[in-house]
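Trainee: So here's upload_3.txt (compact mmCIF, C-alpha atoms).
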```
# COMPACT_ATOMS: atom_id res chain seq x y z
CA MET A 251 8.59 -7.95 13.35
CA HIS A 252 9.80 -9.01 9.90
CA ILE A 253 6.60 -10.81 9.10
CA PHE A 254 4.47 -7.69 9.40
CA GLU A 255 6.96 -5.63 7.42
CA THR A 256 6.70 -8.30 4.73
CA ILE A 257 2.93 -8.17 4.72
CA ASN A 258 3.07 -4.39 4.53
CA LYS A 259 5.43 -4.46 1.56
CA VAL A 260 3.20 -6.98 -0.14
CA GLN A 261 0.16 -4.78 0.44
CA LEU A 262 2.02 -1.81 -1.01
CA ALA A 263 2.93 -3.89 -4.04
CA GLY A 264 -0.76 -4.77 -4.36
CA LYS A 265 -0.20 -8.26 -5.71
CA LYS A 266 -3.00 -10.54 -4.62
CA TRP A 267 -1.25 -13.85 -5.23
CA LEU A 268 1.67 -12.69 -3.09
CA LYS A 269 -0.74 -11.73 -0.29
CA VAL A 270 -2.31 -15.19 -0.47
CA MET A 271 1.10 -16.87 -0.34
CA VAL A 272 2.24 -14.80 2.66
CA ALA A 273 -1.05 -15.51 4.43
CA LEU A 274 -0.64 -19.23 3.75
CA CYS A 275 2.92 -19.16 5.14
CA ILE A 276 1.71 -17.47 8.33
CA LEU A 277 -1.28 -19.76 8.76
CA THR A 278 0.65 -22.99 8.25
CA PHE A 279 3.73 -21.93 10.26
CA PRO A 280 2.57 -23.33 13.64
CA PHE A 281 1.90 -26.71 12.06
CA GLY A 282 5.07 -26.87 10.06
CA THR A 283 8.19 -28.86 10.77
CA LYS A 284 11.61 -27.59 11.55
CA LEU A 285 13.87 -29.30 9.09
CA MET A 286 17.61 -29.27 9.31
CA ALA A 287 20.03 -30.38 6.68
CA GLN A 288 23.42 -31.03 8.20
CA GLN A 289 25.70 -28.05 7.87
CA ASN A 290 28.88 -29.01 6.06
CA ASN A 291 31.15 -28.74 9.05
CA GLU A 292 28.91 -30.02 11.83
CA MET A 293 30.40 -32.79 13.90
CA VAL A 294 27.85 -35.40 14.98
CA ARG A 295 28.58 -38.26 17.31
CA LEU A 296 27.00 -41.09 19.24
CA ALA A 297 28.59 -41.86 22.60
CA LYS A 298 27.72 -45.27 24.06
CA ILE A 299 28.38 -45.49 27.76
CA LYS A 300 28.05 -48.27 30.32
CA VAL A 301 27.70 -46.93 33.86
CA ASP A 302 28.32 -48.63 37.21
CA ALA A 303 24.77 -49.43 38.42
CA SER A 304 25.48 -48.36 42.00
CA GLN A 305 26.45 -44.85 40.81
CA LEU A 306 23.85 -44.34 38.09
CA LYS A 307 21.97 -41.51 39.79
CA LYS A 308 25.16 -39.54 40.40
CA TYR A 309 26.34 -40.22 36.86
CA ASN A 310 23.08 -38.97 35.32
CA ALA A 311 23.25 -35.80 37.42
CA ALA A 312 26.84 -35.12 36.32
CA LEU A 313 25.92 -35.80 32.69
CA LYS A 314 22.96 -33.42 32.78
CA GLU A 315 25.07 -30.69 34.38
CA GLN A 316 27.76 -31.15 31.72
CA MET A 317 25.25 -31.03 28.85
CA THR A 318 23.34 -27.97 30.03
CA THR A 319 26.47 -26.01 30.94
CA ALA A 320 28.20 -26.76 27.62
CA VAL A 321 25.17 -25.77 25.53
CA ARG A 322 24.65 -22.63 27.62
CA VAL A 323 28.20 -21.27 27.59
CA GLU A 324 29.87 -22.71 24.46
CA PRO A 325 28.74 -21.21 21.14
CA GLY A 326 29.80 -24.33 19.21
CA VAL A 327 28.02 -26.92 21.37
CA LEU A 328 24.64 -27.22 19.67
CA THR A 329 22.65 -30.27 20.75
CA TYR A 330 22.66 -33.18 23.20
CA TYR A 331 20.13 -35.96 23.70
CA ALA A 332 20.95 -38.57 26.35
CA VAL A 333 18.83 -41.73 26.53
CA ALA A 334 18.97 -44.93 28.57
CA ASP A 335 17.86 -48.41 27.47
CA LYS A 336 14.65 -49.19 29.40
CA ARG A 337 15.76 -52.83 29.80
CA ASP A 338 19.08 -51.69 31.31
CA LEU A 339 19.24 -48.08 32.48
CA THR A 340 23.05 -48.31 32.81
CA SER A 341 23.30 -48.50 28.98
CA ILE A 342 23.33 -44.89 27.85
CA THR A 343 23.48 -43.39 24.37
CA ILE A 344 24.19 -39.71 23.78
CA LEU A 345 23.61 -37.91 20.48
CA GLU A 346 25.98 -34.94 20.31
CA ILE A 347 26.10 -32.17 17.70
CA TYR A 348 28.93 -29.60 17.55
CA ALA A 349 29.28 -26.72 15.09
CA ASP A 350 32.56 -28.22 13.83
CA THR A 351 35.56 -30.21 15.04
CA ALA A 352 37.20 -27.03 16.36
CA ALA A 353 34.16 -26.50 18.62
CA TYR A 354 34.52 -30.06 19.90
CA LYS A 355 38.26 -29.67 20.53
CA SER A 356 37.58 -26.46 22.42
CA HIS A 357 34.78 -28.18 24.37
CA ILE A 358 36.98 -30.94 25.78
CA GLU A 359 39.40 -28.33 27.11
CA THR A 360 36.75 -26.45 29.12
CA VAL A 361 36.67 -26.44 32.91
CA HIS A 362 33.14 -27.90 33.03
CA PHE A 363 34.00 -30.80 30.71
CA LYS A 364 37.16 -31.62 32.65
CA LYS A 365 35.16 -31.48 35.88
CA TYR A 366 32.62 -33.92 34.40
CA LYS A 367 35.37 -36.33 33.26
CA GLU A 368 36.99 -36.21 36.70
CA THR A 369 33.62 -36.72 38.46
CA VAL A 370 32.59 -39.74 36.37
CA LYS A 371 35.96 -41.45 35.88
CA ASP A 372 35.13 -44.24 38.36
CA MET A 373 31.46 -44.43 37.31
CA VAL A 374 31.97 -45.21 33.60
CA LYS A 375 32.68 -48.88 32.86
CA SER A 376 33.03 -48.44 29.10
CA LEU A 377 32.83 -45.69 26.52
CA GLU A 378 32.49 -46.02 22.75
CA LEU A 379 32.57 -42.91 20.55
CA ILE A 380 31.05 -43.32 17.07
CA ASP A 381 31.43 -40.55 14.51
CA VAL A 382 28.24 -40.35 12.50
CA THR A 383 26.79 -38.28 9.71
CA LEU A 384 23.32 -36.74 10.01
CA ILE A 385 21.05 -38.25 7.34
CA GLY A 386 18.28 -35.89 8.36
CA SER A 387 16.14 -34.67 11.22
CA ALA A 388 12.61 -33.39 11.64
CA LYS A 389 11.12 -31.72 14.69
CA LYS A 390 8.05 -29.88 15.78
CA PRO A 391 8.94 -26.16 15.89
CA ASP A 392 8.70 -26.07 19.70
CA MET A 393 10.83 -29.15 20.30
CA MET B 388 4.86 -8.95 22.23
CA HIS B 389 4.66 -10.19 25.79
CA ILE B 390 8.19 -9.14 26.62
CA PHE B 391 7.53 -5.49 25.90
CA GLU B 392 4.26 -5.56 27.79
CA THR B 393 6.23 -6.97 30.68
CA ILE B 394 8.84 -4.21 30.50
CA ASN B 395 6.07 -1.64 30.34
CA LYS B 396 4.37 -3.02 33.42
CA VAL B 397 7.68 -3.05 35.25
CA GLN B 398 8.33 0.55 34.29
CA LEU B 399 4.89 1.48 35.54
CA ALA B 400 5.61 -0.28 38.79
CA GLY B 401 8.85 1.72 38.98
CA LYS B 402 10.85 -1.02 40.69
CA LYS B 403 14.48 -0.79 39.67
CA TRP B 404 15.54 -4.29 40.66
CA LEU B 405 12.70 -5.75 38.61
CA LYS B 406 13.79 -3.68 35.61
CA VAL B 407 17.33 -5.01 36.00
CA MET B 408 16.09 -8.59 36.22
CA VAL B 409 13.89 -8.24 33.13
CA ALA B 410 16.78 -6.63 31.23
CA LEU B 411 19.08 -9.49 32.24
CA CYS B 412 16.53 -12.06 31.08
CA ILE B 413 16.28 -10.34 27.69
CA LEU B 414 20.03 -9.93 27.30
CA THR B 415 20.87 -13.52 28.20
CA PHE B 416 17.98 -15.11 26.26
CA PRO B 417 19.86 -15.59 22.94
CA PHE B 418 22.68 -17.38 24.76
CA GLY B 419 20.43 -19.58 26.84
CA THR B 420 19.70 -23.24 26.35
CA LYS B 421 16.45 -24.91 25.58
CA LEU B 422 16.10 -27.58 28.20
CA MET B 423 13.54 -30.31 28.08
CA ALA B 424 12.64 -32.68 30.83
CA GLN B 425 10.88 -35.72 29.45
CA GLN B 426 7.14 -35.39 29.65
CA ASN B 427 5.66 -38.28 31.61
CA ASN B 428 4.01 -39.94 28.67
CA GLU B 429 6.55 -39.33 25.91
CA MET B 430 7.64 -42.43 24.05
CA VAL B 431 11.32 -42.36 23.08
CA ARG B 432 12.99 -44.99 20.96
CA LEU B 433 16.20 -45.85 19.17
CA ALA B 434 15.79 -47.75 15.92
CA LYS B 435 18.93 -49.50 14.66
CA ILE B 436 18.74 -50.39 11.00
CA LYS B 437 21.10 -52.18 8.62
CA VAL B 438 20.44 -51.26 5.00
CA ASP B 439 21.37 -53.06 1.78
CA ALA B 440 24.38 -51.06 0.53
CA SER B 441 23.22 -51.10 -3.09
CA GLN B 442 19.95 -49.38 -2.12
CA LEU B 443 21.25 -46.94 0.51
CA LYS B 444 20.50 -43.76 -1.43
CA LYS B 445 16.91 -44.82 -2.08
CA TYR B 446 16.50 -45.92 1.52
CA ASN B 447 17.74 -42.59 2.89
CA ALA B 448 15.35 -40.70 0.59
CA ALA B 449 12.39 -42.82 1.75
CA LEU B 450 13.41 -42.37 5.39
CA LYS B 451 13.65 -38.59 5.06
CA GLU B 452 10.27 -38.41 3.35
CA GLN B 453 8.71 -40.53 6.11
CA MET B 454 10.25 -38.41 8.90
CA THR B 455 9.32 -35.03 7.47
CA THR B 456 5.78 -36.07 6.52
CA ALA B 457 5.08 -37.63 9.93
CA VAL B 458 6.33 -34.60 11.87
CA ARG B 459 4.43 -32.24 9.58
CA VAL B 460 1.04 -33.94 9.61
CA GLU B 461 0.88 -35.92 12.87
CA PRO B 462 0.44 -33.87 16.05
CA GLY B 463 1.97 -36.63 18.21
CA VAL B 464 5.15 -37.21 16.17
CA LEU B 465 7.60 -34.81 17.79
CA THR B 466 11.22 -35.46 16.85
CA TYR B 467 13.42 -37.59 14.59
CA TYR B 468 17.19 -37.62 14.20
CA ALA B 469 18.63 -40.15 11.75
CA VAL B 470 22.40 -40.73 11.71
CA ALA B 471 24.72 -43.13 9.88
CA ASP B 472 27.99 -44.57 11.17
CA LYS B 473 30.79 -42.86 9.21
CA ARG B 474 32.73 -46.14 9.06
CA ASP B 475 29.68 -47.92 7.58
CA LEU B 476 26.95 -45.71 6.19
CA THR B 477 24.56 -48.68 6.00
CA SER B 478 24.43 -48.74 9.85
CA ILE B 479 21.72 -46.26 10.72
CA THR B 480 20.42 -45.14 14.11
CA ILE B 481 17.19 -43.14 14.48
CA LEU B 482 16.17 -41.30 17.64
CA GLU B 483 12.38 -41.03 17.69
CA ILE B 484 10.18 -39.08 20.11
CA TYR B 485 6.40 -39.43 20.17
CA ALA B 486 3.95 -37.59 22.46
CA ASP B 487 2.80 -40.93 23.90
CA THR B 488 2.29 -44.57 22.90
CA ALA B 489 -1.13 -43.72 21.42
CA ALA B 490 0.60 -41.27 19.05
CA TYR B 491 3.01 -44.02 18.03
CA LYS B 492 0.23 -46.55 17.48
CA SER B 493 -1.64 -44.00 15.37
CA HIS B 494 1.59 -43.23 13.45
CA ILE B 495 2.17 -46.79 12.28
CA GLU B 496 -1.36 -46.90 10.85
CA THR B 497 -0.90 -43.81 8.66
CA VAL B 498 -0.74 -44.00 4.87
CA HIS B 499 2.73 -42.38 4.75
CA PHE B 500 4.21 -44.82 7.28
CA LYS B 501 2.75 -47.84 5.48
CA LYS B 502 4.08 -46.48 2.19
CA TYR B 503 7.56 -46.15 3.77
CA LYS B 504 7.43 -49.72 5.13
CA GLU B 505 6.36 -51.03 1.73
CA THR B 506 9.06 -49.03 -0.09
CA VAL B 507 11.91 -50.17 2.16
CA LYS B 508 10.88 -53.77 2.86
CA ASP B 509 13.57 -55.18 0.53
CA MET B 510 16.17 -52.55 1.50
CA VAL B 511 16.28 -53.22 5.25
CA LYS B 512 18.48 -56.17 6.25
CA SER B 513 17.81 -55.89 9.99
CA LEU B 514 15.85 -53.72 12.37
CA GLU B 515 16.22 -53.44 16.15
CA LEU B 516 13.81 -51.26 18.16
CA ILE B 517 15.04 -50.19 21.59
CA ASP B 518 12.67 -48.45 23.97
CA VAL B 519 14.61 -45.83 25.88
CA THR B 520 14.00 -43.19 28.50
CA LEU B 521 15.21 -39.62 28.00
CA ILE B 522 17.77 -38.78 30.70
CA GLY B 523 17.94 -35.22 29.44
CA SER B 524 18.58 -33.00 26.46
CA ALA B 525 20.05 -29.58 25.86
CA LYS B 526 19.91 -27.55 22.68
CA LYS B 527 20.66 -24.11 21.39
CA PRO B 528 17.32 -22.25 21.08
CA ASP B 529 17.51 -22.27 17.26
CA MET B 530 18.35 -25.96 16.93
```
Would it be possible to restate this file's structure as structure tokens?

Mentor:
Amino acid sequence: MHIFETINKVQLAGKKWLKVMVALCILTFPFGTKLMAQQNNEMVRLAKIKVDASQLKKYNAALKEQMTTAVRVEPGVLTYYAVADKRDLTSITILEIYADTAAYKSHIETVHFKKYKETVKDMVKSLELIDVTLIGSAKKPDM
Amino acid sequence: MHIFETINKVQLAGKKWLKVMVALCILTFPFGTKLMAQQNNEMVRLAKIKVDASQLKKYNAALKEQMTTAVRVEPGVLTYYAVADKRDLTSITILEIYADTAAYKSHIETVHFKKYKETVKDMVKSLELIDVTLIGSAKKPDM
């Protein structure tokens, strides 16, 4: 527990203002934000996908399996968010974050990604890949 | 430390298969994914914004201040990701997640949001708000 070691060191040092600062850090931590500046090499992308309406349920299941497997087993696959337009649930946007382009290149050669591509090849009507740069993000610590 | 209390209880119970399962959970935890199913009431949105190129830097600064302040001080503002198209950095997409529509309605009445809107009113050339539903997300635990 680094935080208690820190407190202990501060107590040993006997500096009151340091104690107050450490206490403030601890007290405000649960209410703080998790801020991320984009790492230099991160690869961020938006994928815009139109899905055949009659196969939407199967497509969403395949997509979720692909996302969860990739994040679980590939060190360089960091984040996915997949959302569907409420006015047209077949219009899907995916935010993808990889550690770097090498991680992405490795990702598309994996068995699970190839399985996903094979599964959805007749479900996807169009696919647009947009390379983006992360301006910024902010999240509650538990999100 | 719940995890060590758990191990201790398991040791007391003396059941080997339970010990093995707990050990496996601990060992695989750092490699696991953080999965989120959309909470029933969460409000998820994509905002698509075109910014005046000559004011892009100022716009991005105002956007980042708005995002970080909202997530820090408003309990119902959960997540923001803001990205810019690499081919045209004035084309910005923001993924926004609020706890519910009440949290969003409260958000747009805050001082910091109104300040942002006032600051950027002559920087934003167009704004499209798209209500979306979260199909799924997957993230490394530290993301």

Trainee: Select from chain A every residue with an atom at most 6 Å from any atom of chain B, then for each give the shortest pair of atoms and their distance in Å to one decimal, using only C-alpha atoms, rows by chain and rising number, as a tab-separated table.

Mentor:
```
residue	atom	partner	partner_atom	distance
A:Gly282	CA	B:Arg459	CA	5.4
A:Thr283	CA	B:Arg459	CA	5.2
A:Thr318	CA	B:Ala525	CA	5.6
A:Arg322	CA	B:Thr420	CA	5.1
A:Leu328	CA	B:Lys527	CA	5.3
A:Thr329	CA	B:Lys526	CA	4.3
A:Tyr330	CA	B:Ala525	CA	5.2
A:Tyr331	CA	B:Ser524	CA	4.3
A:Ala332	CA	B:Ile522	CA	5.4
A:Val333	CA	B:Leu521	CA	4.4
A:Ala334	CA	B:Val519	CA	5.2
A:Asp335	CA	B:Val519	CA	4.4
A:Lys336	CA	B:Val519	CA	4.9
A:Asp381	CA	B:Lys473	CA	5.8
A:Val382	CA	B:Asp472	CA	4.4
A:Thr383	CA	B:Ala471	CA	5.3
A:Leu384	CA	B:Val470	CA	4.4
A:Ile385	CA	B:Val470	CA	5.2
A:Gly386	CA	B:Ala469	CA	5.5
A:Ser387	CA	B:Tyr468	CA	4.3
A:Ala388	CA	B:Tyr467	CA	5.2
A:Lys389	CA	B:Thr466	CA	4.3
A:Lys390	CA	B:Leu465	CA	5.3
```

Trainee: What is the distance, in Å and to one decimal place, between CA of Lys371 in chain A and CA of Asp302 in chain A?

Mentor: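 Between CA of Lys371 in chain A and CA of Asp302 in chain A the gap is 10.6 Å.
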
Trainee: How many Å lie between CA of Leu514 in chain B and CA of Leu443 in chain B, rounded to one decimal?

Mentor: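 According to the coordinates, CA of Leu514 in chain B and CA of Leu443 in chain B are separated by 14.7 Å.
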
Trainee: Under the rule that only C-alpha atoms are counted, which of B:Ile436, B:Ala449, B:Met430, B:Leu516 is the nearest residue to Asp487 in chain B?

Mentor: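 The closest residue to Asp487 in chain B is B:Met430.
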
Trainee: Please, what distance in Å, to one decimal, runs between CA of Lys307 in chain A and CA of Val370 in chain A?

Mentor: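 CA of Val370 in chain A lies at a distance of 11.3 Å from CA of Lys307 in chain A.
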